[in-house]
file upload_29.cif (mmCIF, N, CA and C atoms)
data_target
#
loop_
_atom_site.label_atom_id
_atom_site.label_comp_id
_atom_site.auth_asym_id
_atom_site.auth_seq_id
_atom_site.Cartn_x
_atom_site.Cartn_y
_atom_site.Cartn_z
N MET A 1 10.54 -31.21 -32.33
CA MET A 1 9.88 -30.06 -32.93
C MET A 1 9.01 -29.34 -31.90
N PHE A 2 8.33 -30.13 -31.06
CA PHE A 2 7.48 -29.52 -30.04
C PHE A 2 8.31 -28.72 -29.04
N ALA A 3 9.45 -29.26 -28.66
CA ALA A 3 10.33 -28.55 -27.72
C ALA A 3 10.83 -27.23 -28.32
N TYR A 4 11.14 -27.24 -29.58
CA TYR A 4 11.59 -26.02 -30.26
C TYR A 4 10.48 -24.97 -30.26
N MET A 5 9.27 -25.39 -30.59
CA MET A 5 8.14 -24.45 -30.63
C MET A 5 7.83 -23.91 -29.23
N LEU A 6 7.90 -24.77 -28.22
CA LEU A 6 7.66 -24.32 -26.85
C LEU A 6 8.74 -23.33 -26.42
N ASN A 7 9.99 -23.60 -26.78
CA ASN A 7 11.09 -22.70 -26.46
C ASN A 7 10.88 -21.34 -27.12
N ARG A 8 10.50 -21.34 -28.37
CA ARG A 8 10.27 -20.07 -29.09
C ARG A 8 9.10 -19.30 -28.49
N LEU A 9 8.06 -20.01 -28.10
CA LEU A 9 6.90 -19.36 -27.49
C LEU A 9 7.27 -18.73 -26.15
N LEU A 10 8.03 -19.44 -25.34
CA LEU A 10 8.44 -18.89 -24.06
C LEU A 10 9.34 -17.67 -24.22
N TRP A 11 10.25 -17.71 -25.18
CA TRP A 11 11.10 -16.54 -25.45
C TRP A 11 10.27 -15.37 -25.96
N TRP A 12 9.27 -15.65 -26.78
CA TRP A 12 8.40 -14.60 -27.30
C TRP A 12 7.62 -13.95 -26.16
N LEU A 13 7.08 -14.77 -25.25
CA LEU A 13 6.34 -14.23 -24.11
C LEU A 13 7.25 -13.43 -23.18
N ALA A 14 8.44 -13.93 -22.93
CA ALA A 14 9.38 -13.22 -22.05
C ALA A 14 9.80 -11.88 -22.65
N SER A 15 10.10 -11.87 -23.94
CA SER A 15 10.51 -10.61 -24.56
C SER A 15 9.34 -9.64 -24.64
N GLY A 16 8.15 -10.13 -24.88
CA GLY A 16 6.97 -9.26 -24.90
C GLY A 16 6.73 -8.65 -23.53
N LEU A 17 6.90 -9.44 -22.49
CA LEU A 17 6.73 -8.92 -21.13
C LEU A 17 7.79 -7.88 -20.81
N LEU A 18 9.01 -8.07 -21.25
CA LEU A 18 10.06 -7.08 -21.03
C LEU A 18 9.78 -5.77 -21.77
N VAL A 19 9.26 -5.88 -22.98
CA VAL A 19 8.90 -4.68 -23.74
C VAL A 19 7.77 -3.94 -23.03
N LEU A 20 6.75 -4.67 -22.56
CA LEU A 20 5.66 -4.04 -21.82
C LEU A 20 6.18 -3.37 -20.56
N LEU A 21 7.09 -4.02 -19.86
CA LEU A 21 7.66 -3.45 -18.65
C LEU A 21 8.42 -2.16 -18.96
N ALA A 22 9.20 -2.16 -20.04
CA ALA A 22 9.97 -0.97 -20.41
C ALA A 22 9.04 0.19 -20.78
N VAL A 23 8.02 -0.09 -21.57
CA VAL A 23 7.09 0.97 -21.98
C VAL A 23 6.32 1.50 -20.78
N TYR A 24 5.87 0.60 -19.91
CA TYR A 24 5.13 1.03 -18.72
C TYR A 24 6.02 1.85 -17.79
N ALA A 25 7.27 1.42 -17.62
CA ALA A 25 8.20 2.16 -16.76
C ALA A 25 8.47 3.56 -17.31
N LEU A 26 8.62 3.68 -18.62
CA LEU A 26 8.82 5.00 -19.22
C LEU A 26 7.61 5.89 -19.00
N ALA A 27 6.43 5.34 -19.15
CA ALA A 27 5.21 6.13 -18.93
C ALA A 27 5.06 6.47 -17.45
N PHE A 28 5.42 5.55 -16.57
CA PHE A 28 5.26 5.73 -15.13
C PHE A 28 6.23 6.78 -14.60
N TYR A 29 7.48 6.71 -14.99
CA TYR A 29 8.50 7.60 -14.44
C TYR A 29 8.74 8.86 -15.28
N GLY A 30 8.34 8.87 -16.53
CA GLY A 30 8.66 9.99 -17.38
C GLY A 30 7.57 11.01 -17.56
N ALA A 31 6.34 10.68 -17.27
CA ALA A 31 5.23 11.57 -17.59
C ALA A 31 4.96 12.61 -16.52
N GLY A 32 5.52 12.46 -15.35
CA GLY A 32 5.19 13.37 -14.26
C GLY A 32 3.93 12.89 -13.56
N ASP A 33 3.35 13.74 -12.77
CA ASP A 33 2.14 13.37 -12.03
C ASP A 33 0.91 13.61 -12.93
N PRO A 34 0.24 12.56 -13.38
CA PRO A 34 -0.88 12.75 -14.31
C PRO A 34 -2.05 13.50 -13.68
N ILE A 35 -2.27 13.36 -12.40
CA ILE A 35 -3.39 14.04 -11.76
C ILE A 35 -3.12 15.54 -11.69
N LYS A 36 -1.90 15.93 -11.37
CA LYS A 36 -1.59 17.36 -11.35
C LYS A 36 -1.62 17.95 -12.76
N LEU A 37 -1.26 17.16 -13.76
CA LEU A 37 -1.32 17.66 -15.14
C LEU A 37 -2.75 17.96 -15.57
N ILE A 38 -3.70 17.24 -15.01
CA ILE A 38 -5.11 17.50 -15.32
C ILE A 38 -5.50 18.89 -14.84
N PHE A 39 -5.01 19.26 -13.66
CA PHE A 39 -5.39 20.53 -13.05
C PHE A 39 -4.46 21.69 -13.41
N LEU A 40 -3.46 21.46 -14.23
CA LEU A 40 -2.51 22.50 -14.60
C LEU A 40 -3.18 23.50 -15.54
N ARG A 41 -3.20 24.76 -15.17
CA ARG A 41 -3.82 25.79 -16.01
C ARG A 41 -2.79 26.50 -16.88
N ALA A 42 -1.69 26.89 -16.30
CA ALA A 42 -0.63 27.58 -17.04
C ALA A 42 0.70 27.11 -16.47
N PRO A 43 1.79 27.29 -17.22
CA PRO A 43 3.10 26.86 -16.68
C PRO A 43 3.38 27.47 -15.30
N GLY A 44 3.57 26.64 -14.32
CA GLY A 44 3.86 27.11 -12.98
C GLY A 44 2.64 27.45 -12.16
N ASP A 45 1.45 27.39 -12.72
CA ASP A 45 0.24 27.76 -12.02
C ASP A 45 -0.62 26.51 -11.83
N VAL A 46 -0.62 25.97 -10.65
CA VAL A 46 -1.42 24.79 -10.35
C VAL A 46 -2.48 25.18 -9.33
N ALA A 47 -3.73 25.06 -9.72
CA ALA A 47 -4.84 25.35 -8.81
C ALA A 47 -5.53 24.03 -8.49
N TYR A 48 -5.33 23.55 -7.27
CA TYR A 48 -5.93 22.29 -6.89
C TYR A 48 -6.06 22.22 -5.37
N ASP A 49 -6.94 21.38 -4.95
CA ASP A 49 -7.11 21.10 -3.53
C ASP A 49 -6.35 19.81 -3.23
N PRO A 50 -5.36 19.85 -2.34
CA PRO A 50 -4.55 18.65 -2.07
C PRO A 50 -5.38 17.44 -1.65
N ALA A 51 -6.44 17.66 -0.90
CA ALA A 51 -7.28 16.52 -0.48
C ALA A 51 -7.99 15.91 -1.68
N LYS A 52 -8.46 16.76 -2.60
CA LYS A 52 -9.14 16.27 -3.80
C LYS A 52 -8.16 15.52 -4.71
N ILE A 53 -6.96 16.07 -4.84
CA ILE A 53 -5.93 15.42 -5.65
C ILE A 53 -5.61 14.03 -5.09
N GLU A 54 -5.47 13.95 -3.78
CA GLU A 54 -5.15 12.67 -3.14
C GLU A 54 -6.29 11.67 -3.32
N ALA A 55 -7.54 12.15 -3.25
CA ALA A 55 -8.69 11.27 -3.44
C ALA A 55 -8.74 10.73 -4.88
N ILE A 56 -8.46 11.59 -5.85
CA ILE A 56 -8.45 11.17 -7.25
C ILE A 56 -7.30 10.20 -7.50
N ARG A 57 -6.14 10.47 -6.93
CA ARG A 57 -4.98 9.59 -7.07
C ARG A 57 -5.27 8.21 -6.47
N ASP A 58 -5.96 8.20 -5.33
CA ASP A 58 -6.33 6.94 -4.69
C ASP A 58 -7.36 6.18 -5.53
N GLN A 59 -8.32 6.91 -6.09
CA GLN A 59 -9.36 6.30 -6.93
C GLN A 59 -8.74 5.70 -8.19
N ALA A 60 -7.76 6.36 -8.75
CA ALA A 60 -7.10 5.88 -9.97
C ALA A 60 -6.08 4.80 -9.69
N GLY A 61 -5.74 4.58 -8.42
CA GLY A 61 -4.79 3.55 -8.06
C GLY A 61 -3.34 3.98 -8.21
N LEU A 62 -3.10 5.28 -8.23
CA LEU A 62 -1.74 5.77 -8.42
C LEU A 62 -0.94 5.81 -7.12
N ASN A 63 -1.56 5.48 -6.00
CA ASN A 63 -0.85 5.41 -4.72
C ASN A 63 -0.20 4.05 -4.50
N ARG A 64 -0.54 3.10 -5.33
CA ARG A 64 0.00 1.75 -5.17
C ARG A 64 1.44 1.69 -5.69
N PRO A 65 2.22 0.71 -5.23
CA PRO A 65 3.60 0.57 -5.72
C PRO A 65 3.65 0.25 -7.21
N PHE A 66 4.80 0.53 -7.81
CA PHE A 66 4.98 0.34 -9.26
C PHE A 66 4.64 -1.08 -9.70
N ILE A 67 5.16 -2.08 -8.99
CA ILE A 67 4.97 -3.46 -9.42
C ILE A 67 3.50 -3.87 -9.33
N VAL A 68 2.77 -3.34 -8.36
CA VAL A 68 1.34 -3.65 -8.24
C VAL A 68 0.57 -3.00 -9.39
N GLN A 69 0.93 -1.77 -9.73
CA GLN A 69 0.28 -1.10 -10.85
C GLN A 69 0.59 -1.82 -12.16
N PHE A 70 1.82 -2.29 -12.32
CA PHE A 70 2.18 -3.00 -13.54
C PHE A 70 1.43 -4.33 -13.64
N ALA A 71 1.31 -5.05 -12.53
CA ALA A 71 0.56 -6.30 -12.53
C ALA A 71 -0.91 -6.06 -12.86
N SER A 72 -1.47 -4.98 -12.35
CA SER A 72 -2.85 -4.63 -12.68
C SER A 72 -2.98 -4.28 -14.17
N TYR A 73 -1.99 -3.60 -14.70
CA TYR A 73 -1.96 -3.26 -16.12
C TYR A 73 -1.94 -4.51 -16.99
N ILE A 74 -1.10 -5.48 -16.65
CA ILE A 74 -1.03 -6.74 -17.39
C ILE A 74 -2.35 -7.48 -17.27
N TRP A 75 -2.92 -7.54 -16.06
CA TRP A 75 -4.20 -8.22 -15.84
C TRP A 75 -5.28 -7.60 -16.72
N ASN A 76 -5.34 -6.28 -16.77
CA ASN A 76 -6.34 -5.61 -17.61
C ASN A 76 -6.11 -5.87 -19.09
N LEU A 77 -4.84 -5.89 -19.52
CA LEU A 77 -4.55 -6.19 -20.92
C LEU A 77 -5.02 -7.61 -21.29
N LEU A 78 -4.78 -8.56 -20.40
CA LEU A 78 -5.17 -9.94 -20.67
C LEU A 78 -6.69 -10.10 -20.73
N HIS A 79 -7.42 -9.20 -20.07
CA HIS A 79 -8.87 -9.26 -20.07
C HIS A 79 -9.50 -8.33 -21.10
N GLY A 80 -8.68 -7.71 -21.92
CA GLY A 80 -9.21 -6.85 -22.99
C GLY A 80 -9.55 -5.44 -22.58
N ASN A 81 -9.19 -5.04 -21.38
CA ASN A 81 -9.44 -3.68 -20.92
C ASN A 81 -8.19 -2.85 -21.21
N PHE A 82 -8.26 -2.03 -22.24
CA PHE A 82 -7.11 -1.24 -22.67
C PHE A 82 -7.10 0.16 -22.10
N GLY A 83 -8.00 0.46 -21.15
CA GLY A 83 -8.02 1.75 -20.49
C GLY A 83 -8.95 2.74 -21.15
N ASN A 84 -8.91 3.96 -20.65
CA ASN A 84 -9.74 5.04 -21.17
C ASN A 84 -8.97 5.85 -22.18
N SER A 85 -9.67 6.33 -23.17
CA SER A 85 -9.02 7.19 -24.16
C SER A 85 -9.43 8.62 -23.98
#
call {"tool": "encode", "arguments": {"input": "upload_29.cif", "output": "structure tokens"}}
result
Amino acid sequence: MFAYMLNRLLWWLASGLLVLLAVYALAFYGAGDPIKLIFLRAPGDVAYDPAKIEAIRDQAGLNRPFIVQFASYIWNLLHGNFGNS
């Protein structure tokens, strides 16, 4: 019985991690550049300073590779930090 419960728990954790990975990948690759979206005034009109954009992107951790950002996301979820709203 213990082996069955452990097997079910491991499958639950693995499937949950795959769902988190899929959702994070969709948000990462589908949303566009979130920093440029902040500065977007009108369609096709972007007023921003490239140095400032790069500094904000670095501060937010968006320059890091996908897998590092995903690991940080999981770490924050496990510690109860669900981000800013």
call {"tool": "select_by_dssp", "arguments": {"input": "upload_29.cif", "residues": "chain A", "states": "strand (DSSP E or B)", "output": "list in words"}}
result
Leu40, Arg41, Ala42, Asp45 and Val46 of chain A
call {"tool": "write_last_selection", "arguments": {"input": "upload_29.cif", "atoms": "N, CA and C atoms", "output": "compact mmCIF listing (two decimals), keeping the file's coordinate frame"}}
result
# COMPACT_ATOMS: atom_id res chain seq x y z
N LEU A 40 -3.46 21.46 -14.23
CA LEU A 40 -2.51 22.50 -14.60
C LEU A 40 -3.18 23.50 -15.54
N ARG A 41 -3.20 24.76 -15.17
CA ARG A 41 -3.82 25.79 -16.01
C ARG A 41 -2.79 26.50 -16.88
N ALA A 42 -1.69 26.89 -16.30
CA ALA A 42 -0.63 27.58 -17.04
C ALA A 42 0.70 27.11 -16.47
N ASP A 45 1.45 27.39 -12.72
CA ASP A 45 0.24 27.76 -12.02
C ASP A 45 -0.62 26.51 -11.83
N VAL A 46 -0.62 25.97 -10.65
CA VAL A 46 -1.42 24.79 -10.35
C VAL A 46 -2.48 25.18 -9.33
call {"tool": "closest_residue", "arguments": {"input": "upload_29.cif", "among": "A:Ile38, A:Ile56, A:Ile74, A:Ala3", "to": "A:Gly16", "atoms": "only C-alpha atoms"}}
result
A:Ile74
call {"tool": "axis_aligned_box", "arguments": {"input": "upload_29.cif", "around": "stretch 8-13 of chain A", "padding_each_side": "5 Å", "output": "AutoDock Vina command-line options"}}
result
--center_x 8.7 --center_y -17.4 --center_z -26.1 --size_x 14.8 --size_y 17.9 --size_z 15.9
call {"tool": "residues_around", "arguments": {"input": "upload_29.cif", "residues": "stretch 57-70 of chain A", "least_positions_apart": "6", "cutoff": "9 Å", "atoms": "only C-alpha atoms", "output": "PyMOL selection string"}}
result
chain A and resi 21+24-25+28+34-35
call {"tool": "decode", "arguments": {"input": "upload_29.cif", "residues": "chain A", "atoms": "C-alpha atoms", "output": "PDB file, in the first residue's frame"}}
result
ATOM      1  CA  MET A   1       0.000   0.000   0.000  1.00  0.00           C
ATOM      2  CA  PHE A   2       2.860   2.360   0.818  1.00  0.00           C
ATOM      3  CA  ALA A   3       4.496   1.704  -2.551  1.00  0.00           C
ATOM      4  CA  TYR A   4       1.228   2.463  -4.335  1.00  0.00           C
ATOM      5  CA  MET A   5       0.800   5.755  -2.463  1.00  0.00           C
ATOM      6  CA  LEU A   6       4.414   6.743  -3.128  1.00  0.00           C
ATOM      7  CA  ASN A   7       3.971   5.929  -6.823  1.00  0.00           C
ATOM      8  CA  ARG A   8       0.808   8.039  -7.021  1.00  0.00           C
ATOM      9  CA  LEU A   9       2.497  10.927  -5.225  1.00  0.00           C
ATOM     10  CA  LEU A  10       5.473  10.878  -7.571  1.00  0.00           C
ATOM     11  CA  TRP A  11       3.205  10.808 -10.633  1.00  0.00           C
ATOM     12  CA  TRP A  12       1.175  13.691  -9.177  1.00  0.00           C
ATOM     13  CA  LEU A  13       4.332  15.748  -8.602  1.00  0.00           C
ATOM     14  CA  ALA A  14       5.690  14.972 -12.073  1.00  0.00           C
ATOM     15  CA  SER A  15       2.447  15.875 -13.814  1.00  0.00           C
ATOM     16  CA  GLY A  16       2.116  19.051 -11.754  1.00  0.00           C
ATOM     17  CA  LEU A  17       5.640  20.054 -12.720  1.00  0.00           C
ATOM     18  CA  LEU A  18       4.868  19.423 -16.399  1.00  0.00           C
ATOM     19  CA  VAL A  19       1.732  21.562 -16.183  1.00  0.00           C
ATOM     20  CA  LEU A  20       3.724  24.361 -14.522  1.00  0.00           C
ATOM     21  CA  LEU A  21       6.368  24.076 -17.228  1.00  0.00           C
ATOM     22  CA  ALA A  22       3.752  24.274 -19.999  1.00  0.00           C
ATOM     23  CA  VAL A  23       2.012  27.294 -18.471  1.00  0.00           C
ATOM     24  CA  TYR A  24       5.309  29.081 -17.813  1.00  0.00           C
ATOM     25  CA  ALA A  25       6.540  28.352 -21.351  1.00  0.00           C
ATOM     26  CA  LEU A  26       3.331  29.757 -22.839  1.00  0.00           C
ATOM     27  CA  ALA A  27       3.670  32.912 -20.764  1.00  0.00           C
ATOM     28  CA  PHE A  28       7.397  33.175 -21.537  1.00  0.00           C
ATOM     29  CA  TYR A  29       7.188  32.713 -25.305  1.00  0.00           C
ATOM     30  CA  GLY A  30       3.698  33.981 -26.056  1.00  0.00           C
ATOM     31  CA  ALA A  31       3.415  37.287 -24.242  1.00  0.00           C
ATOM     32  CA  GLY A  32       6.092  39.222 -26.097  1.00  0.00           C
ATOM     33  CA  ASP A  33       8.535  41.473 -24.296  1.00  0.00           C
ATOM     34  CA  PRO A  34       6.858  42.509 -21.016  1.00  0.00           C
ATOM     35  CA  ILE A  35       9.194  45.458 -20.461  1.00  0.00           C
ATOM     36  CA  LYS A  36       8.460  46.955 -23.873  1.00  0.00           C
ATOM     37  CA  LEU A  37       4.733  46.416 -23.279  1.00  0.00           C
ATOM     38  CA  ILE A  38       5.001  48.621 -20.197  1.00  0.00           C
ATOM     39  CA  PHE A  39       6.343  51.479 -22.306  1.00  0.00           C
ATOM     40  CA  LEU A  40       4.010  50.963 -25.277  1.00  0.00           C
ATOM     41  CA  ARG A  41       1.882  54.079 -25.795  1.00  0.00           C
ATOM     42  CA  ALA A  42       0.056  53.307 -29.036  1.00  0.00           C
ATOM     43  CA  PRO A  43       0.216  50.501 -31.611  1.00  0.00           C
ATOM     44  CA  GLY A  44       3.587  50.799 -33.294  1.00  0.00           C
ATOM     45  CA  ASP A  45       4.708  53.703 -31.095  1.00  0.00           C
ATOM     46  CA  VAL A  46       7.309  52.718 -28.527  1.00  0.00           C
ATOM     47  CA  ALA A  47       8.977  55.510 -26.584  1.00  0.00           C
ATOM     48  CA  TYR A  48      11.789  54.134 -24.468  1.00  0.00           C
ATOM     49  CA  ASP A  49      15.447  54.486 -23.721  1.00  0.00           C
ATOM     50  CA  PRO A  50      17.257  51.251 -24.675  1.00  0.00           C
ATOM     51  CA  ALA A  51      19.665  51.560 -21.741  1.00  0.00           C
ATOM     52  CA  LYS A  52      16.768  51.994 -19.299  1.00  0.00           C
ATOM     53  CA  ILE A  53      14.896  49.053 -20.831  1.00  0.00           C
ATOM     54  CA  GLU A  54      17.980  46.853 -20.503  1.00  0.00           C
ATOM     55  CA  ALA A  55      18.468  47.930 -16.864  1.00  0.00           C
ATOM     56  CA  ILE A  56      14.832  47.099 -16.017  1.00  0.00           C
ATOM     57  CA  ARG A  57      15.082  43.761 -17.852  1.00  0.00           C
ATOM     58  CA  ASP A  58      18.243  42.935 -15.892  1.00  0.00           C
ATOM     59  CA  GLN A  59      16.609  43.972 -12.599  1.00  0.00           C
ATOM     60  CA  ALA A  60      13.582  41.775 -13.333  1.00  0.00           C
ATOM     61  CA  GLY A  61      15.816  38.846 -14.279  1.00  0.00           C
ATOM     62  CA  LEU A  62      14.530  38.607 -17.836  1.00  0.00           C
ATOM     63  CA  ASN A  63      18.063  38.359 -19.264  1.00  0.00           C
ATOM     64  CA  ARG A  64      18.579  34.954 -17.706  1.00  0.00           C
ATOM     65  CA  PRO A  65      18.006  31.726 -19.685  1.00  0.00           C
ATOM     66  CA  PHE A  66      14.546  30.134 -19.717  1.00  0.00           C
ATOM     67  CA  ILE A  67      15.459  27.192 -17.481  1.00  0.00           C
ATOM     68  CA  VAL A  68      17.021  29.490 -14.855  1.00  0.00           C
ATOM     69  CA  GLN A  69      13.928  31.690 -14.833  1.00  0.00           C
ATOM     70  CA  PHE A  70      11.697  28.622 -14.529  1.00  0.00           C
ATOM     71  CA  ALA A  71      13.763  27.256 -11.626  1.00  0.00           C
ATOM     72  CA  SER A  72      13.505  30.630  -9.904  1.00  0.00           C
ATOM     73  CA  TYR A  73       9.743  30.595 -10.502  1.00  0.00           C
ATOM     74  CA  ILE A  74       9.414  27.142  -8.903  1.00  0.00           C
ATOM     75  CA  TRP A  75      11.640  28.215  -5.984  1.00  0.00           C
ATOM     76  CA  ASN A  76       9.448  31.272  -5.366  1.00  0.00           C
ATOM     77  CA  LEU A  77       6.264  29.185  -5.574  1.00  0.00           C
ATOM     78  CA  LEU A  78       7.622  26.737  -3.003  1.00  0.00           C
ATOM     79  CA  HIS A  79       8.395  29.644  -0.667  1.00  0.00           C
ATOM     80  CA  GLY A  80       4.967  31.240  -1.049  1.00  0.00           C
ATOM     81  CA  ASN A  81       6.075  34.144  -3.222  1.00  0.00           C
ATOM     82  CA  PHE A  82       3.476  34.303  -5.992  1.00  0.00           C
ATOM     83  CA  GLY A  83       4.812  37.506  -7.560  1.00  0.00           C
ATOM     84  CA  ASN A  84       3.419  40.996  -7.941  1.00  0.00           C
ATOM     85  CA  SER A  85      -0.120  41.724  -8.973  1.00  0.00           C
TER      86      SER A  85
END
